[in-house]
Amino acid sequence: MLVRYFVMAYALSWLVFVPLALDHQGIIDLLPHTRYRASWIELVHALGGFGPLLAAVLVLRWNGTPAQRSWYRAAYASGRMSATSWLLAFSPLGLFALAWVAAMLFAGGIDLHQAFRAQGVVDTTTLAIWVVPLFTYGFGEEAGWRGFALPILHRHRSPLRATLVLGTLWALWHLPLFFYRFAFGAGTAIGFLLGVLSGALLLTALYNRARGAMLATSCWHLTWNLVSTIDKNGFLSAFMSTVVMLVAVVLLIRPGRLSSPHGPVTFPMP
């Protein structure tokens with residue numbers, strides 16, 4: 001079931017990513033060269049975020065039991081979220097505030113209005129282009145990586161080993177993006193891998209602490225994407241990424257914190 005899931009998740013997402021990469025490389029002509037081209041690329045790119053979710057739904061539809069499908073749907077019930085889970089789910093907002101204070105103290109401050117303008121957030125014509133991917137990746141990815149794959153990996157692996165396997169496959173899933181979205185290079189690839197693995201460690205800890213409540217990881221992913229792109233490649237993004245990596249190092253040193261006192265959440269098997 002798990003191998004089939006990853007093959008399907010890659011295939012569904014890469015049906016979007018690979019044509020965009022070929023278009024960017026000039027091999028095919030996918031989108032018209034108009035002033036709306038960049039906006040269309042963003043919207044089409046966002047569709048790839050649904051791959052992990054659709055793969056989970058299809059695998060459960062074809063191979064899952066009624067109990068497994070019920071368990072999967074129940075993971076998104078808001079009633080499963082405790083006050084602590086909600087707080088952790090939106091913790092990137094607090095991290096952003098901390099980064100802003102640090103910028104005021106050590107970097108001469110950040111012009112947030114200019115940062116928002118650079119991302120097109122203050123322009124109503126581009127606001128949707130900026131917001132839509134936040135939801136497709138926050139909910140589309142998490143419904144597959146954490147909602148489906150991680151609890152299956154937990155059945156025969158420790159939370160740390162399960163996270164390293166999932167984090168590596170999650171990073172490789174982004175491979176086509178290096179041909180049209182990211183700068184291609186060894187340094188960028190290593191930094192990206194470390195960033196994804198750090199995020200995977202935090203999300204595993206959050207998923208298990210929230211006892212499999214998927215709104216926790218989905219809202220964290222969405223909120224992180226939001227705050228990390230406001231000052232993209234600037235002080236705020238660098239500060240927040242550093243904090244996340246430091247927390248990930250703590251989780252590596254103390255892997256017991258990746259789980260909860262009740263143990264890791266596992267997928268029900270027949």
# chains A, B, ... in the order shown; residues from 1 in each chain; ligands from 1
call {"tool": "closest_atom_pairs", "arguments": {"of": "region 58-116 of chain A", "to": "region 219-225 of chain A", "cutoff": "7 Å", "atoms": "only C-alpha atoms", "output": "tab-separated table"}}
result
residue	atom	partner	partner_atom	distance
A:Ala89	CA	A:Trp220	CA	4.4
A:Phe90	CA	A:Trp220	CA	5.6
A:Pro92	CA	A:Trp224	CA	5.4
A:Leu93	CA	A:Thr223	CA	6.9
call {"tool": "write_last_selection", "arguments": {"atoms": "N, CA and C atoms", "output": "compact mmCIF listing (two decimals), in the first residue's frame"}}
result
# COMPACT_ATOMS: atom_id res chain seq x y z
N ALA A 89 -0.27 24.77 16.03
CA ALA A 89 -0.59 24.82 14.60
C ALA A 89 -0.30 26.19 14.00
N PHE A 90 -0.50 27.22 14.79
CA PHE A 90 -0.28 28.58 14.29
C PHE A 90 0.97 29.21 14.90
N PRO A 92 3.98 29.34 13.77
CA PRO A 92 4.81 30.15 12.88
C PRO A 92 4.49 31.64 12.93
N LEU A 93 3.26 32.00 13.29
CA LEU A 93 2.92 33.41 13.43
C LEU A 93 3.72 34.03 14.58
call {"tool": "residues_around", "arguments": {"residues": "region 70-79 of chain A", "least_positions_apart": "2", "cutoff": "10 Å", "atoms": "only C-alpha atoms", "output": "VMD selection string"}}
result
chain A and resid 56 to 57 60 64 to 68 81 to 82 86 143 147 to 148 211 to 216 218 267 to 268
call {"tool": "write_last_selection", "arguments": {"atoms": "C-alpha atoms", "output": "PDB file, in the first residue's frame"}}
result
ATOM      1  CA  ALA A  56      -4.056   8.903  -0.428  1.00  0.00           C
ATOM      2  CA  VAL A  57      -7.725   9.130  -1.365  1.00  0.00           C
ATOM      3  CA  LEU A  60      -7.794   4.114   0.232  1.00  0.00           C
ATOM      4  CA  GLY A  64      -8.455   0.485   1.937  1.00  0.00           C
ATOM      5  CA  THR A  65     -11.053  -0.983   4.247  1.00  0.00           C
ATOM      6  CA  PRO A  66     -14.124   0.970   5.428  1.00  0.00           C
ATOM      7  CA  ALA A  67     -12.482   1.284   8.859  1.00  0.00           C
ATOM      8  CA  GLN A  68      -9.328   2.766   7.333  1.00  0.00           C
ATOM      9  CA  MET A  81      -7.777  19.563  18.261  1.00  0.00           C
ATOM     10  CA  SER A  82      -6.857  20.588  21.798  1.00  0.00           C
ATOM     11  CA  TRP A  86      -4.278  24.938  17.918  1.00  0.00           C
ATOM     12  CA  ALA A 143      -3.182  15.050   3.885  1.00  0.00           C
ATOM     13  CA  GLY A 147      -2.111  12.020   7.171  1.00  0.00           C
ATOM     14  CA  PHE A 148      -1.382   8.790   5.292  1.00  0.00           C
ATOM     15  CA  ARG A 211      -2.609  12.514  18.314  1.00  0.00           C
ATOM     16  CA  GLY A 212      -3.015  12.520  14.545  1.00  0.00           C
ATOM     17  CA  ALA A 213      -5.212  15.631  14.309  1.00  0.00           C
ATOM     18  CA  MET A 214      -4.486  16.694  10.759  1.00  0.00           C
ATOM     19  CA  LEU A 215      -5.621  20.292  11.171  1.00  0.00           C
ATOM     20  CA  ALA A 216      -2.529  20.762  13.349  1.00  0.00           C
ATOM     21  CA  SER A 218      -1.992  21.377   7.805  1.00  0.00           C
ATOM     22  CA  PHE A 267      -2.366   3.622  10.683  1.00  0.00           C
ATOM     23  CA  PRO A 268      -5.015   0.949  11.373  1.00  0.00           C
TER      24      PRO A 268
END
call {"tool": "residues_around", "arguments": {"residues": "region 197-203 of chain A", "least_positions_apart": "6", "cutoff": "6 Å", "atoms": "only C-alpha atoms", "output": "list in words"}}
result
Gly167, Met245 and Ala248 of chain A
call {"tool": "closest_residue", "arguments": {"among": "A:Glu42, A:Ala107, A:Pro32, A:Leu251", "to": "Val131 (chain A)", "atoms": "only C-alpha atoms"}}
result
A:Glu42
call {"tool": "closest_residue", "arguments": {"among": "A:Phe106, A:Trp170, A:Phe184, A:Phe179", "to": "Gly51 (chain A)", "atoms": "only C-alpha atoms"}}
result
A:Trp170
call {"tool": "select_by_dssp", "arguments": {"residues": "region 126-215 of chain A", "states": "helix (DSSP H, G or I)", "output": "ChimeraX atom specification"}}
result
/A:126-140,142-153,159-173,175-179,186-209,214-215
call {"tool": "closest_residue", "arguments": {"among": "A:Ile27, A:Val265, A:Leu226, A:Ala46", "to": "Arg157 (chain A)", "atoms": "only C-alpha atoms"}}
result
A:Val265
call {"tool": "closest_residue", "arguments": {"among": "A:Ala99, A:Ser158, A:Leu175, A:Trp14", "to": "Ile230 (chain A)", "atoms": "only C-alpha atoms"}}
result
A:Ala99
call {"tool": "closest_residue", "arguments": {"among": "A:Val249, A:Tyr10, A:Tyr5, A:Asp23", "to": "Trp62 (chain A)", "atoms": "only C-alpha atoms"}}
result
A:Tyr5
call {"tool": "closest_residue", "arguments": {"among": "A:Leu258, A:Val244, A:Ala162, A:Val227", "to": "Ala205 (chain A)", "atoms": "only C-alpha atoms"}}
result
A:Leu258
call {"tool": "residues_around", "arguments": {"residues": "Tyr137 (chain A)", "least_positions_apart": "3", "cutoff": "8 Å", "atoms": "only C-alpha atoms", "output": "list in words"}}
result
Ala46, Gly49, Phe50, Pro133, Leu134, Gly140, Glu141, Glu142, His221 and Leu222 of chain A
call {"tool": "atom_distance", "arguments": {"atom1": "CA of Leu2 (chain A)", "atom2": "CA of Leu88 (chain A)"}}
result
28.2 Å
call {"tool": "residues_around", "arguments": {"residues": "Gln25 (chain A)", "least_positions_apart": "6", "cutoff": "12 Å", "atoms": "only C-alpha atoms", "output": "number ranges by chain"}}
result
A: 18-19, 176-181
call {"tool": "write_last_selection", "arguments": {"atoms": "C-alpha atoms", "output": "PDB file, in the first residue's frame"}}
result
ATOM      1  CA  VAL A  18       7.371  18.107 -15.295  1.00  0.00           C
ATOM      2  CA  PRO A  19       5.477  19.975 -18.057  1.00  0.00           C
ATOM      3  CA  PRO A 176      11.310  18.874 -10.965  1.00  0.00           C
ATOM      4  CA  LEU A 177      11.001  22.258  -9.253  1.00  0.00           C
ATOM      5  CA  PHE A 178      14.758  22.713  -9.544  1.00  0.00           C
ATOM      6  CA  PHE A 179      14.294  22.999 -13.311  1.00  0.00           C
ATOM      7  CA  TYR A 180      11.790  25.860 -13.229  1.00  0.00           C
ATOM      8  CA  ARG A 181      11.336  27.262  -9.717  1.00  0.00           C
TER       9      ARG A 181
END
call {"tool": "residues_around", "arguments": {"residues": "Val7 (chain A)", "least_positions_apart": "4", "cutoff": "12 Å", "atoms": "only C-alpha atoms", "output": "number ranges by chain"}}
result
A: 1-3, 11-14, 51-52, 54-56, 58-59, 149, 169, 173
call {"tool": "write_last_selection", "arguments": {"atoms": "N, CA and C atoms", "output": "mmCIF file, in the first residue's frame"}}
result
data_model
loop_
_atom_site.group_PDB
_atom_site.id
_atom_site.type_symbol
_atom_site.label_atom_id
_atom_site.label_comp_id
_atom_site.auth_asym_id
_atom_site.auth_seq_id
_atom_site.Cartn_x
_atom_site.Cartn_y
_atom_site.Cartn_z
ATOM 1 N N MET A 1 0.826 -1.210 0.000
ATOM 2 C CA MET A 1 0.000 0.000 0.000
ATOM 3 C C MET A 1 0.864 1.266 0.000
ATOM 4 N N LEU A 2 1.944 1.252 0.767
ATOM 5 C CA LEU A 2 2.765 2.445 0.897
ATOM 6 C C LEU A 2 3.551 2.736 -0.380
ATOM 7 N N VAL A 3 4.127 1.678 -0.988
ATOM 8 C CA VAL A 3 4.861 1.876 -2.244
ATOM 9 C C VAL A 3 3.920 2.394 -3.316
ATOM 10 N N ALA A 11 3.530 10.550 -9.317
ATOM 11 C CA ALA A 11 2.988 10.601 -10.672
ATOM 12 C C ALA A 11 1.974 11.735 -10.822
ATOM 13 N N LEU A 12 1.074 11.864 -9.858
ATOM 14 C CA LEU A 12 0.034 12.893 -9.953
ATOM 15 C C LEU A 12 0.628 14.291 -9.882
ATOM 16 N N SER A 13 1.577 14.495 -9.001
ATOM 17 C CA SER A 13 2.187 15.819 -8.880
ATOM 18 C C SER A 13 3.109 16.117 -10.057
ATOM 19 N N TRP A 14 3.866 15.129 -10.484
ATOM 20 C CA TRP A 14 4.814 15.357 -11.584
ATOM 21 C C TRP A 14 4.109 15.545 -12.920
ATOM 22 N N GLY A 51 -1.324 16.404 -5.311
ATOM 23 C CA GLY A 51 -0.909 15.034 -5.601
ATOM 24 C C GLY A 51 -0.906 14.110 -4.398
ATOM 25 N N PRO A 52 -0.245 14.484 -3.277
ATOM 26 C CA PRO A 52 -0.226 13.602 -2.104
ATOM 27 C C PRO A 52 -1.626 13.308 -1.552
ATOM 28 N N LEU A 54 -4.592 13.414 -3.301
ATOM 29 C CA LEU A 54 -5.327 12.564 -4.237
ATOM 30 C C LEU A 54 -4.814 11.135 -4.215
ATOM 31 N N ALA A 55 -3.504 10.973 -4.065
ATOM 32 C CA ALA A 55 -2.940 9.622 -4.002
ATOM 33 C C ALA A 55 -3.472 8.873 -2.787
ATOM 34 N N ALA A 56 -3.535 9.550 -1.641
ATOM 35 C CA ALA A 56 -4.056 8.903 -0.428
ATOM 36 C C ALA A 56 -5.512 8.511 -0.603
ATOM 37 N N LEU A 58 -7.162 7.922 -3.410
ATOM 38 C CA LEU A 58 -7.319 6.859 -4.396
ATOM 39 C C LEU A 58 -6.853 5.506 -3.857
ATOM 40 N N VAL A 59 -5.717 5.497 -3.138
ATOM 41 C CA VAL A 59 -5.235 4.231 -2.574
ATOM 42 C C VAL A 59 -6.238 3.692 -1.560
ATOM 43 N N ALA A 149 1.025 8.632 4.857
ATOM 44 C CA ALA A 149 2.304 7.915 4.809
ATOM 45 C C ALA A 149 2.956 7.768 6.180
ATOM 46 N N LEU A 169 11.929 11.215 0.886
ATOM 47 C CA LEU A 169 11.008 11.061 -0.242
ATOM 48 C C LEU A 169 10.250 12.357 -0.516
ATOM 49 N N TRP A 173 10.462 14.489 -4.044
ATOM 50 C CA TRP A 173 9.215 14.842 -4.735
ATOM 51 C C TRP A 173 9.313 16.228 -5.374
#
call {"tool": "atom_distance", "arguments": {"atom1": "CA of Arg35 (chain A)", "atom2": "CA of Phe182 (chain A)"}}
result
21.4 Å
call {"tool": "residues_around", "arguments": {"residues": "Val44 (chain A)", "least_positions_apart": "3", "cutoff": "12 Å", "atoms": "only C-alpha atoms", "output": "PyMOL selection string"}}
result
chain A and resi 13-21+30-31+37-41+47-50+129+132-133+136
